[in-house]
$ cat final_15.txt   # compact mmCIF, C-alpha atoms and all ligand atoms
# COMPACT_ATOMS: atom_id res chain seq x y z
CA MET A 1416 -4.91 55.01 -101.71
CA ARG A 1417 -8.12 54.50 -99.76
CA ARG A 1418 -11.21 53.59 -101.78
CA LYS A 1419 -14.11 56.00 -101.30
CA MET A 1420 -17.30 54.73 -99.69
CA VAL A 1421 -20.84 56.11 -99.39
CA ALA A 1422 -23.24 54.45 -96.96
CA GLY A 1423 -26.97 55.13 -96.73
CA ASN A 1424 -28.54 54.66 -93.31
CA TRP A 1425 -32.27 54.27 -93.88
CA LYS A 1426 -32.92 54.14 -90.11
CA MET A 1427 -36.46 53.10 -89.04
CA ASN A 1428 -38.01 54.04 -92.38
CA GLY A 1429 -39.81 52.32 -95.19
CA THR A 1430 -42.57 49.88 -95.96
CA ARG A 1431 -42.12 46.88 -98.25
CA ALA A 1432 -43.63 48.95 -101.06
CA SER A 1433 -41.53 52.09 -100.51
CA VAL A 1434 -38.33 50.07 -100.08
CA ALA A 1435 -38.98 48.21 -103.35
CA LYS A 1436 -39.50 51.56 -105.08
CA LEU A 1437 -36.34 53.03 -103.59
CA ILE A 1438 -34.26 50.06 -104.72
CA ASP A 1439 -35.75 50.21 -108.23
CA SER A 1440 -34.77 53.88 -108.45
CA LEU A 1441 -31.31 53.22 -107.00
CA ARG A 1442 -30.71 50.55 -109.62
CA GLU A 1443 -31.25 53.21 -112.27
CA GLN A 1444 -28.54 55.48 -110.83
CA GLU A 1445 -25.21 55.67 -112.56
CA LEU A 1446 -22.68 54.71 -109.87
CA SER A 1447 -18.93 54.99 -110.12
CA SER A 1448 -17.00 51.74 -109.96
CA ASP A 1449 -14.44 53.57 -107.79
CA VAL A 1450 -16.84 53.94 -104.85
CA ASP A 1451 -18.22 51.33 -102.44
CA VAL A 1452 -21.95 52.01 -102.16
CA VAL A 1453 -23.73 50.39 -99.22
CA VAL A 1454 -27.32 50.67 -98.00
CA PHE A 1455 -28.46 49.92 -94.44
CA PRO A 1456 -32.19 49.07 -94.40
CA SER A 1457 -34.23 48.05 -91.35
CA ALA A 1458 -33.66 44.46 -90.27
CA MET A 1459 -36.99 43.22 -91.61
CA HIS A 1460 -36.17 44.50 -95.10
CA LEU A 1461 -32.64 43.12 -95.30
CA GLU A 1462 -33.37 39.86 -97.08
CA ARG A 1463 -35.48 41.51 -99.74
CA VAL A 1464 -33.01 44.32 -100.35
CA ILE A 1465 -30.12 41.84 -100.62
CA ALA A 1466 -32.06 39.92 -103.28
CA SER A 1467 -32.98 43.14 -105.12
CA VAL A 1468 -29.44 44.51 -105.40
CA ALA A 1469 -27.95 41.19 -106.52
CA GLY A 1470 -25.95 41.76 -109.70
CA THR A 1471 -25.41 45.48 -108.96
CA SER A 1472 -22.42 47.15 -107.30
CA ILE A 1473 -24.52 48.03 -104.22
CA SER A 1474 -23.92 46.03 -101.05
CA VAL A 1475 -26.02 45.79 -97.92
CA GLY A 1476 -25.40 46.41 -94.24
CA ALA A 1477 -27.40 46.11 -91.03
CA GLN A 1478 -28.00 49.00 -88.63
CA ASP A 1479 -27.22 47.01 -85.51
CA CYS A 1480 -26.58 43.53 -84.14
CA SER A 1481 -26.56 41.69 -80.84
CA VAL A 1482 -23.61 41.71 -78.44
CA GLU A 1483 -23.72 37.90 -78.68
CA SER A 1484 -22.10 36.78 -81.90
CA GLY A 1485 -23.77 33.41 -82.47
CA PHE A 1486 -27.13 31.83 -81.68
CA GLY A 1487 -29.06 31.33 -78.46
CA ALA A 1488 -31.47 32.67 -75.89
CA LEU A 1489 -31.64 36.44 -76.46
CA THR A 1490 -35.21 37.33 -77.32
CA GLY A 1491 -35.73 39.98 -79.96
CA GLU A 1492 -32.08 40.30 -80.95
CA SER A 1493 -30.43 39.54 -84.31
CA SER A 1494 -26.87 38.25 -84.20
CA ALA A 1495 -24.03 38.93 -86.60
CA ALA A 1496 -24.05 35.20 -87.41
CA GLN A 1497 -27.67 35.51 -88.55
CA LEU A 1498 -26.87 38.65 -90.53
CA ALA A 1499 -23.94 36.91 -92.22
CA ASP A 1500 -26.22 34.02 -93.12
CA LEU A 1501 -28.56 36.50 -94.88
CA GLY A 1502 -25.73 37.94 -96.97
CA VAL A 1503 -25.19 41.15 -95.00
CA GLU A 1504 -21.61 42.44 -95.38
CA TRP A 1505 -21.42 45.50 -93.09
CA VAL A 1506 -22.89 46.47 -89.70
CA LEU A 1507 -23.23 49.93 -88.13
CA VAL A 1508 -21.92 49.88 -84.57
CA GLY A 1509 -22.40 52.60 -81.98
CA HIS A 1510 -24.63 54.95 -83.97
CA SER A 1511 -25.36 57.99 -81.76
CA GLU A 1512 -29.09 57.22 -81.76
CA ARG A 1513 -28.28 53.90 -80.14
CA ARG A 1514 -25.72 55.37 -77.74
CA LEU A 1515 -27.93 58.28 -76.65
CA ILE A 1516 -31.54 57.11 -77.02
CA LEU A 1517 -31.06 53.41 -76.28
CA GLY A 1518 -28.27 53.85 -73.75
CA GLU A 1519 -25.56 51.77 -75.43
CA GLY A 1520 -22.32 52.24 -73.49
CA LEU A 1521 -18.70 51.78 -74.45
CA GLU A 1522 -18.59 48.11 -73.47
CA THR A 1523 -21.70 47.23 -75.48
CA VAL A 1524 -20.35 49.00 -78.55
CA SER A 1525 -17.06 47.16 -78.23
CA ARG A 1526 -18.77 43.79 -77.88
CA LYS A 1527 -20.87 44.45 -80.98
CA PHE A 1528 -17.74 45.45 -82.92
CA ALA A 1529 -16.18 42.13 -81.92
CA ALA A 1530 -19.31 40.12 -82.79
CA VAL A 1531 -19.39 41.66 -86.26
CA GLN A 1532 -15.76 40.81 -86.98
CA ALA A 1533 -16.09 37.32 -85.49
CA ASN A 1534 -18.56 36.60 -88.27
CA GLY A 1535 -16.42 37.98 -91.08
CA LEU A 1536 -18.44 41.20 -91.50
CA VAL A 1537 -17.13 44.76 -91.47
CA PRO A 1538 -18.11 47.07 -88.60
CA VAL A 1539 -18.72 50.75 -89.32
CA LEU A 1540 -17.92 52.28 -85.94
CA CYS A 1541 -19.74 55.58 -85.38
CA LEU A 1542 -18.14 58.26 -83.18
CA GLY A 1543 -19.18 61.81 -82.43
CA GLU A 1544 -19.81 64.54 -79.90
CA THR A 1545 -23.00 66.32 -78.84
CA LEU A 1546 -23.43 70.06 -79.26
CA GLU A 1547 -22.83 70.60 -75.57
CA GLN A 1548 -19.59 68.62 -75.72
CA ARG A 1549 -18.42 70.60 -78.77
CA GLU A 1550 -19.29 73.93 -77.18
CA SER A 1551 -17.36 73.02 -74.07
CA GLY A 1552 -14.30 72.18 -76.18
CA ARG A 1553 -14.48 68.43 -75.55
CA THR A 1554 -14.91 67.11 -79.12
CA LEU A 1555 -11.56 65.35 -79.41
CA GLU A 1556 -11.70 64.03 -75.86
CA VAL A 1557 -15.11 62.42 -76.52
CA VAL A 1558 -14.09 60.91 -79.84
CA HIS A 1559 -10.84 59.68 -78.27
CA GLU A 1560 -12.73 57.96 -75.46
CA GLN A 1561 -15.15 56.26 -77.89
CA LEU A 1562 -12.32 55.10 -80.15
CA SER A 1563 -9.82 54.05 -77.52
CA SER A 1564 -12.30 51.87 -75.74
CA VAL A 1565 -12.64 49.70 -78.88
CA ILE A 1566 -8.88 49.79 -79.53
CA ALA A 1567 -8.22 48.68 -75.94
CA ASP A 1568 -10.71 45.80 -76.18
CA ARG A 1569 -10.17 44.64 -79.76
CA GLY A 1570 -6.62 45.76 -80.59
CA ILE A 1571 -5.47 48.22 -83.22
CA ALA A 1572 -5.08 45.51 -85.88
CA SER A 1573 -8.87 45.02 -85.87
CA PHE A 1574 -9.23 48.46 -87.49
CA ALA A 1575 -7.58 47.22 -90.68
CA GLY A 1576 -10.90 45.42 -91.21
CA ALA A 1577 -13.20 48.24 -90.06
CA VAL A 1578 -14.55 51.60 -91.14
CA ILE A 1579 -15.00 54.60 -88.83
CA ALA A 1580 -17.76 57.17 -89.28
CA TYR A 1581 -17.33 60.54 -87.58
CA GLU A 1582 -20.83 61.88 -87.01
CA PRO A 1583 -21.19 65.00 -84.87
CA VAL A 1584 -24.52 64.48 -83.11
CA TRP A 1585 -25.52 68.12 -83.63
CA ALA A 1586 -25.26 67.64 -87.40
CA ILE A 1587 -27.37 64.48 -87.63
CA GLY A 1588 -30.78 65.10 -89.15
CA SER A 1589 -30.51 68.78 -88.20
CA GLY A 1590 -29.63 70.29 -91.56
CA LEU A 1591 -26.49 71.68 -89.86
CA THR A 1592 -23.45 70.22 -91.57
CA ALA A 1593 -19.95 70.48 -90.14
CA THR A 1594 -17.88 72.64 -92.49
CA PRO A 1595 -15.34 70.66 -94.51
CA GLU A 1596 -12.63 72.23 -92.32
CA GLN A 1597 -14.38 71.30 -89.05
CA ALA A 1598 -14.88 67.73 -90.26
CA GLN A 1599 -11.31 67.46 -91.61
CA GLU A 1600 -9.91 68.63 -88.27
CA VAL A 1601 -11.62 65.77 -86.41
CA HIS A 1602 -10.87 63.21 -89.13
CA ALA A 1603 -7.17 64.12 -89.04
CA ALA A 1604 -7.25 63.79 -85.25
CA ILE A 1605 -8.90 60.34 -85.48
CA ARG A 1606 -6.27 59.22 -87.99
CA GLY A 1607 -3.64 60.55 -85.60
CA MET A 1608 -5.15 58.54 -82.73
CA LEU A 1609 -4.96 55.37 -84.87
CA ALA A 1610 -1.38 56.25 -85.90
CA GLU A 1611 -0.29 56.47 -82.27
CA HIS A 1612 -0.92 52.71 -82.19
CA ASP A 1613 -0.05 51.72 -85.77
CA SER A 1614 0.73 54.07 -88.64
CA GLU A 1615 -0.02 51.48 -91.34
CA VAL A 1616 -3.49 50.80 -89.94
CA ALA A 1617 -4.09 54.56 -89.74
CA GLU A 1618 -3.20 54.91 -93.41
CA VAL A 1619 -5.65 52.23 -94.64
CA THR A 1620 -8.65 52.79 -92.35
CA ARG A 1621 -11.49 54.61 -94.08
CA LEU A 1622 -13.02 57.53 -92.20
CA LEU A 1623 -16.52 58.57 -93.31
CA TYR A 1624 -18.19 61.84 -92.39
CA GLY A 1625 -21.89 61.80 -91.40
CA GLY A 1626 -24.26 64.61 -90.52
CA SER A 1627 -26.64 66.22 -93.03
CA VAL A 1628 -24.59 65.23 -96.07
CA LYS A 1629 -26.45 66.28 -99.21
CA ALA A 1630 -25.77 66.41 -102.93
CA ASP A 1631 -24.82 70.07 -102.68
CA ASN A 1632 -22.24 69.75 -99.85
CA ALA A 1633 -20.84 66.26 -100.52
CA ALA A 1634 -18.12 67.19 -103.02
CA GLN A 1635 -16.49 69.77 -100.71
CA LEU A 1636 -16.53 67.34 -97.77
CA PHE A 1637 -15.18 64.41 -99.81
CA ALA A 1638 -12.38 66.59 -101.20
CA MET A 1639 -10.76 66.84 -97.75
CA PRO A 1640 -7.67 64.64 -97.39
CA ASP A 1641 -8.89 62.54 -94.44
CA ILE A 1642 -12.55 62.20 -95.47
CA ASP A 1643 -12.99 58.95 -97.38
CA GLY A 1644 -16.71 59.23 -98.05
CA GLY A 1645 -19.95 59.66 -96.17
CA LEU A 1646 -22.56 58.05 -93.95
CA VAL A 1647 -25.83 59.54 -95.14
CA GLY A 1648 -29.17 59.44 -93.33
CA GLY A 1649 -32.10 61.49 -94.63
CA ALA A 1650 -30.69 62.08 -98.10
CA SER A 1651 -30.21 58.35 -98.66
CA LEU A 1652 -33.98 57.90 -98.81
CA LYS A 1653 -34.10 59.81 -102.11
CA ALA A 1654 -32.47 57.81 -104.91
CA ASP A 1655 -31.56 60.83 -107.07
CA GLU A 1656 -29.98 62.68 -104.14
CA PHE A 1657 -28.14 59.59 -102.90
CA GLY A 1658 -26.94 58.81 -106.43
CA ALA A 1659 -25.59 62.35 -106.74
CA ILE A 1660 -23.74 61.99 -103.40
CA CYS A 1661 -22.21 58.70 -104.59
CA ARG A 1662 -21.11 60.36 -107.83
CA ALA A 1663 -19.55 63.24 -105.85
CA ALA A 1664 -17.42 60.63 -104.06
CA GLY A 1665 -16.26 59.24 -107.41
CA ASN A 1666 -15.10 62.57 -108.82
C1 LIG B 1701 -27.06 59.37 -89.69
O1 LIG B 1701 -28.03 59.15 -89.00
O2 LIG B 1701 -26.15 58.54 -89.71
C2 LIG B 1701 -27.01 60.61 -90.46
C3 LIG B 1701 -25.84 61.03 -90.86
O3 LIG B 1701 -28.19 61.27 -90.69
P1 LIG B 1701 -28.42 62.59 -91.58
O4 LIG B 1701 -27.66 62.43 -92.88
O5 LIG B 1701 -29.91 62.64 -91.81
O6 LIG B 1701 -27.92 63.74 -90.80

$ encode --input "final_15.txt" --output "structure tokens" --more "lines below"
Ligand code: PEP
Amino acid sequence: MRRKMVAGNWKMNGTRASVAKLIDSLREQELSSDVDVVVFPSAMHLERVIASVAGTSISVGAQDCSVESGFGALTGESSAAQLADLGVEWVLVGHSERRLILGEGLETVSRKFAAVQANGLVPVLCLGETLEQRESGRTLEVVHEQLSSVIADRGIASFAGAVIAYEPVWAIGSGLTATPEQAQEVHAAIRGMLAEHDSEVAEVTRLLYGGSVKADNAAQLFAMPDIDGGLVGGASLKADEFGAICRAAGN
């Protein structure tokens, strides 16, 4: 039985004041003990958020890390070793905004995945197709390419200590959500791709859906057999909405 998980990606949002307010409101939410709840603030807010959620069931992840896993001459980057030192437990890897806007390719994503695991943290590997790719019938081919590049570099066993988030790019921040059936179809295919290498790993790896998840569509998505929770962007900036999504995962 896979434990449900809901992750909130705050992206490049928040001031010290608004982040403090958001955390205060999140602390007031009733959260199910059956669900892993994780928030991903901007790097400069990580230390403060980690201190503020201490003693709660909420854990903290980073939105990105360097391809280099340790310390050294790489101006402006933050390494997984530094994130681990702060108390970060999870790291998003290969979010579509980084792949498409910042030009992160397959090799970079794979190296980041490795750097995260080398420091004992859990990567949340994001996969997903653009609208053009979906409309030309290439969804599964694209997701397969993104996934198999990490499997080829890191090995299938590495996925026993990882989470995958399927996020169709056309559904991110657009208000267009994949239907539960559309999302389930891709999730089942991803689990099948893992199973081609190792059926036990496929059974334990959590697959999150991301793309305009809201309180009013979360329950239907999370009820699908291969959807183990959600990666939530916009709606994670509102504590009541995010709390409701987390509760939908616990039901
Ligand atoms: C995301 O960026 O990971 C995301 C899913 O965003 P949104 O929920 O706003 O679509």

$ residues_around --input "final_15.txt" --residues "Ala1435 (chain A)" --least-positions-apart "2" --cutoff "12 Å" --atoms "only C-alpha atoms" --output "MDAnalysis selection string"
chainID A and resid 1429:1433 1437:1442 1456 1460:1468 1652 1654

$ write_last_selection --input "final_15.txt" --atoms "C-alpha atoms" --output "mmCIF file, keeping the file's coordinate frame"
data_model
loop_
_atom_site.group_PDB
_atom_site.id
_atom_site.type_symbol
_atom_site.label_atom_id
_atom_site.label_comp_id
_atom_site.auth_asym_id
_atom_site.auth_seq_id
_atom_site.Cartn_x
_atom_site.Cartn_y
_atom_site.Cartn_z
ATOM 1 C CA GLY A 1429 -39.810 52.320 -95.190
ATOM 2 C CA THR A 1430 -42.570 49.880 -95.960
ATOM 3 C CA ARG A 1431 -42.120 46.880 -98.250
ATOM 4 C CA ALA A 1432 -43.630 48.950 -101.060
ATOM 5 C CA SER A 1433 -41.530 52.090 -100.510
ATOM 6 C CA LEU A 1437 -36.340 53.030 -103.590
ATOM 7 C CA ILE A 1438 -34.260 50.060 -104.720
ATOM 8 C CA ASP A 1439 -35.750 50.210 -108.230
ATOM 9 C CA SER A 1440 -34.770 53.880 -108.450
ATOM 10 C CA LEU A 1441 -31.310 53.220 -107.000
ATOM 11 C CA ARG A 1442 -30.710 50.550 -109.620
ATOM 12 C CA PRO A 1456 -32.190 49.070 -94.400
ATOM 13 C CA HIS A 1460 -36.170 44.500 -95.100
ATOM 14 C CA LEU A 1461 -32.640 43.120 -95.300
ATOM 15 C CA GLU A 1462 -33.370 39.860 -97.080
ATOM 16 C CA ARG A 1463 -35.480 41.510 -99.740
ATOM 17 C CA VAL A 1464 -33.010 44.320 -100.350
ATOM 18 C CA ILE A 1465 -30.120 41.840 -100.620
ATOM 19 C CA ALA A 1466 -32.060 39.920 -103.280
ATOM 20 C CA SER A 1467 -32.980 43.140 -105.120
ATOM 21 C CA VAL A 1468 -29.440 44.510 -105.400
ATOM 22 C CA LEU A 1652 -33.980 57.900 -98.810
ATOM 23 C CA ALA A 1654 -32.470 57.810 -104.910
#

$ closest_residue --input "final_15.txt" --among "A:Leu1521, A:Trp1585, A:Ala1533, A:Val1601" --to "Ile1566 (chain A)" --atoms "all atoms listed in the file"
A:Leu1521

$ residues_around --input "final_15.txt" --residues "Arg1549 (chain A)" --least-positions-apart "2" --cutoff "12 Å" --atoms "only C-alpha atoms" --output "PyMOL selection string"
chain A and resi 1543-1547+1551-1558+1583-1586+1593+1597+1601

$ residues_around --input "final_15.txt" --residues "region 1578-1582 of chain A" --least-positions-apart "3" --cutoff "8 Å" --atoms "all atoms listed in the file" --output "list in words"
Ser1511, Val1537, Pro1538, Val1539, Leu1540, Cys1541, Leu1542, Gly1543, Glu1544, Phe1574, Ala1586, Ile1587, Val1601, His1602, Thr1620, Arg1621, Leu1622, Leu1623, Tyr1624, Gly1625, Gly1626, Gly1645 and Leu1646 of chain A

$ write_last_selection --input "final_15.txt" --atoms "C-alpha atoms" --output "PDB file, keeping the file's coordinate frame"
ATOM      1  CA  SER A1511     -25.360  57.990 -81.760  1.00  0.00           C
ATOM      2  CA  VAL A1537     -17.130  44.760 -91.470  1.00  0.00           C
ATOM      3  CA  PRO A1538     -18.110  47.070 -88.600  1.00  0.00           C
ATOM      4  CA  VAL A1539     -18.720  50.750 -89.320  1.00  0.00           C
ATOM      5  CA  LEU A1540     -17.920  52.280 -85.940  1.00  0.00           C
ATOM      6  CA  CYS A1541     -19.740  55.580 -85.380  1.00  0.00           C
ATOM      7  CA  LEU A1542     -18.140  58.260 -83.180  1.00  0.00           C
ATOM      8  CA  GLY A1543     -19.180  61.810 -82.430  1.00  0.00           C
ATOM      9  CA  GLU A1544     -19.810  64.540 -79.900  1.00  0.00           C
ATOM     10  CA  PHE A1574      -9.230  48.460 -87.490  1.00  0.00           C
ATOM     11  CA  ALA A1586     -25.260  67.640 -87.400  1.00  0.00           C
ATOM     12  CA  ILE A1587     -27.370  64.480 -87.630  1.00  0.00           C
ATOM     13  CA  VAL A1601     -11.620  65.770 -86.410  1.00  0.00           C
ATOM     14  CA  HIS A1602     -10.870  63.210 -89.130  1.00  0.00           C
ATOM     15  CA  THR A1620      -8.650  52.790 -92.350  1.00  0.00           C
ATOM     16  CA  ARG A1621     -11.490  54.610 -94.080  1.00  0.00           C
ATOM     17  CA  LEU A1622     -13.020  57.530 -92.200  1.00  0.00           C
ATOM     18  CA  LEU A1623     -16.520  58.570 -93.310  1.00  0.00           C
ATOM     19  CA  TYR A1624     -18.190  61.840 -92.390  1.00  0.00           C
ATOM     20  CA  GLY A1625     -21.890  61.800 -91.400  1.00  0.00           C
ATOM     21  CA  GLY A1626     -24.260  64.610 -90.520  1.00  0.00           C
ATOM     22  CA  GLY A1645     -19.950  59.660 -96.170  1.00  0.00           C
ATOM     23  CA  LEU A1646     -22.560  58.050 -93.950  1.00  0.00           C
TER      24      LEU A1646
END

$ closest_residue --input "final_15.txt" --among "A:Leu1562, A:Val1452, A:Met1427, A:Met1420" --to "ligand LIG 1701 (chain B)" --atoms "all atoms listed in the file"
A:Met1427

$ residues_near_point --input "final_15.txt" --point "(-29.9, 55.3, -92.7)" --cutoff "12 Å" --atoms "all atoms listed in the file" --output "ChimeraX atom specification"
/A:1421-1429,1453-1458,1475-1479,1506-1507,1510,1512,1587-1588,1625-1628,1645-1653,1657

$ write_last_selection --input "final_15.txt" --atoms "C-alpha atoms" --output "PDB file, in the coordinates of the input"
ATOM      1  CA  VAL A1421     -20.840  56.110 -99.390  1.00  0.00           C
ATOM      2  CA  ALA A1422     -23.240  54.450 -96.960  1.00  0.00           C
ATOM      3  CA  GLY A1423     -26.970  55.130 -96.730  1.00  0.00           C
ATOM      4  CA  ASN A1424     -28.540  54.660 -93.310  1.00  0.00           C
ATOM      5  CA  TRP A1425     -32.270  54.270 -93.880  1.00  0.00           C
ATOM      6  CA  LYS A1426     -32.920  54.140 -90.110  1.00  0.00           C
ATOM      7  CA  MET A1427     -36.460  53.100 -89.040  1.00  0.00           C
ATOM      8  CA  ASN A1428     -38.010  54.040 -92.380  1.00  0.00           C
ATOM      9  CA  GLY A1429     -39.810  52.320 -95.190  1.00  0.00           C
ATOM     10  CA  VAL A1453     -23.730  50.390 -99.220  1.00  0.00           C
ATOM     11  CA  VAL A1454     -27.320  50.670 -98.000  1.00  0.00           C
ATOM     12  CA  PHE A1455     -28.460  49.920 -94.440  1.00  0.00           C
ATOM     13  CA  PRO A1456     -32.190  49.070 -94.400  1.00  0.00           C
ATOM     14  CA  SER A1457     -34.230  48.050 -91.350  1.00  0.00           C
ATOM     15  CA  ALA A1458     -33.660  44.460 -90.270  1.00  0.00           C
ATOM     16  CA  VAL A1475     -26.020  45.790 -97.920  1.00  0.00           C
ATOM     17  CA  GLY A1476     -25.400  46.410 -94.240  1.00  0.00           C
ATOM     18  CA  ALA A1477     -27.400  46.110 -91.030  1.00  0.00           C
ATOM     19  CA  GLN A1478     -28.000  49.000 -88.630  1.00  0.00           C
ATOM     20  CA  ASP A1479     -27.220  47.010 -85.510  1.00  0.00           C
ATOM     21  CA  VAL A1506     -22.890  46.470 -89.700  1.00  0.00           C
ATOM     22  CA  LEU A1507     -23.230  49.930 -88.130  1.00  0.00           C
ATOM     23  CA  HIS A1510     -24.630  54.950 -83.970  1.00  0.00           C
ATOM     24  CA  GLU A1512     -29.090  57.220 -81.760  1.00  0.00           C
ATOM     25  CA  ILE A1587     -27.370  64.480 -87.630  1.00  0.00           C
ATOM     26  CA  GLY A1588     -30.780  65.100 -89.150  1.00  0.00           C
ATOM     27  CA  GLY A1625     -21.890  61.800 -91.400  1.00  0.00           C
ATOM     28  CA  GLY A1626     -24.260  64.610 -90.520  1.00  0.00           C
ATOM     29  CA  SER A1627     -26.640  66.220 -93.030  1.00  0.00           C
ATOM     30  CA  VAL A1628     -24.590  65.230 -96.070  1.00  0.00           C
ATOM     31  CA  GLY A1645     -19.950  59.660 -96.170  1.00  0.00           C
ATOM     32  CA  LEU A1646     -22.560  58.050 -93.950  1.00  0.00           C
ATOM     33  CA  VAL A1647     -25.830  59.540 -95.140  1.00  0.00           C
ATOM     34  CA  GLY A1648     -29.170  59.440 -93.330  1.00  0.00           C
ATOM     35  CA  GLY A1649     -32.100  61.490 -94.630  1.00  0.00           C
ATOM     36  CA  ALA A1650     -30.690  62.080 -98.100  1.00  0.00           C
ATOM     37  CA  SER A1651     -30.210  58.350 -98.660  1.00  0.00           C
ATOM     38  CA  LEU A1652     -33.980  57.900 -98.810  1.00  0.00           C
ATOM     39  CA  LYS A1653     -34.100  59.810-102.110  1.00  0.00           C
ATOM     40  CA  PHE A1657     -28.140  59.590-102.900  1.00  0.00           C
TER      41      PHE A1657
END

$ axis_aligned_box --input "final_15.txt" --around "ligand LIG 1701 (chain B)" --padding-each-side "6 Å" --output "JSON"
{"center_x": -27.9, "center_y": 61.1, "center_z": -90.9, "size_x": 16.1, "size_y": 17.2, "size_z": 15.9}

$ closest_residue --input "final_15.txt" --among "A:Arg1513, A:Arg1569, A:Lys1419, A:His1559" --to "Arg1526 (chain A)" --atoms "all atoms listed in the file"
A:Arg1569

$ decode --input "final_15.txt" --residues "region 1469-1519 of chain A" --atoms "C-alpha atoms" --output "compact mmCIF listing (two decimals), in the first residue's frame"
# COMPACT_ATOMS: atom_id res chain seq x y z
CA ALA A 1469 9.25 21.95 13.35
CA GLY A 1470 6.99 19.80 15.53
CA THR A 1471 4.29 19.51 12.83
CA SER A 1472 3.75 16.72 10.30
CA ILE A 1473 4.75 19.03 7.42
CA SER A 1474 8.15 18.50 5.83
CA VAL A 1475 10.12 20.75 3.52
CA GLY A 1476 11.61 20.37 0.06
CA ALA A 1477 13.66 22.53 -2.29
CA GLN A 1478 12.57 23.42 -5.83
CA ASP A 1479 15.94 22.71 -7.40
CA CYS A 1480 19.59 21.95 -6.69
CA SER A 1481 22.94 22.01 -8.42
CA VAL A 1482 24.20 19.20 -10.66
CA GLU A 1483 27.25 19.09 -8.36
CA SER A 1484 26.39 17.24 -5.19
CA GLY A 1485 28.91 18.68 -2.74
CA PHE A 1486 30.72 21.98 -2.28
CA GLY A 1487 32.94 24.06 -4.54
CA ALA A 1488 33.27 26.69 -7.23
CA LEU A 1489 29.82 27.03 -8.81
CA THR A 1490 28.66 30.59 -8.31
CA GLY A 1491 25.00 31.10 -7.52
CA GLU A 1492 24.13 27.43 -7.15
CA SER A 1493 22.89 25.55 -4.06
CA SER A 1494 23.97 21.95 -3.72
CA ALA A 1495 22.04 19.02 -2.31
CA ALA A 1496 24.70 18.79 0.41
CA GLN A 1497 23.88 22.35 1.47
CA LEU A 1498 20.16 21.61 1.34
CA ALA A 1499 20.62 18.50 3.47
CA ASP A 1500 22.58 20.57 5.98
CA LEU A 1501 19.58 22.93 6.26
CA GLY A 1502 17.18 20.08 7.00
CA VAL A 1503 15.58 19.83 3.57
CA GLU A 1504 14.24 16.32 2.90
CA TRP A 1505 12.94 16.42 -0.70
CA VAL A 1506 14.02 18.13 -3.95
CA LEU A 1507 12.01 18.74 -7.12
CA VAL A 1508 13.98 17.63 -10.16
CA GLY A 1509 13.15 18.40 -13.78
CA HIS A 1510 10.13 20.64 -13.23
CA SER A 1511 8.81 21.66 -16.68
CA GLU A 1512 9.51 25.34 -15.97
CA ARG A 1513 13.17 24.44 -15.57
CA ARG A 1514 13.22 22.11 -18.56
CA LEU A 1515 11.42 24.52 -20.90
CA ILE A 1516 12.26 28.04 -19.68
CA LEU A 1517 15.74 27.40 -18.30
CA GLY A 1518 16.72 24.78 -20.86
CA GLU A 1519 17.49 21.88 -18.53
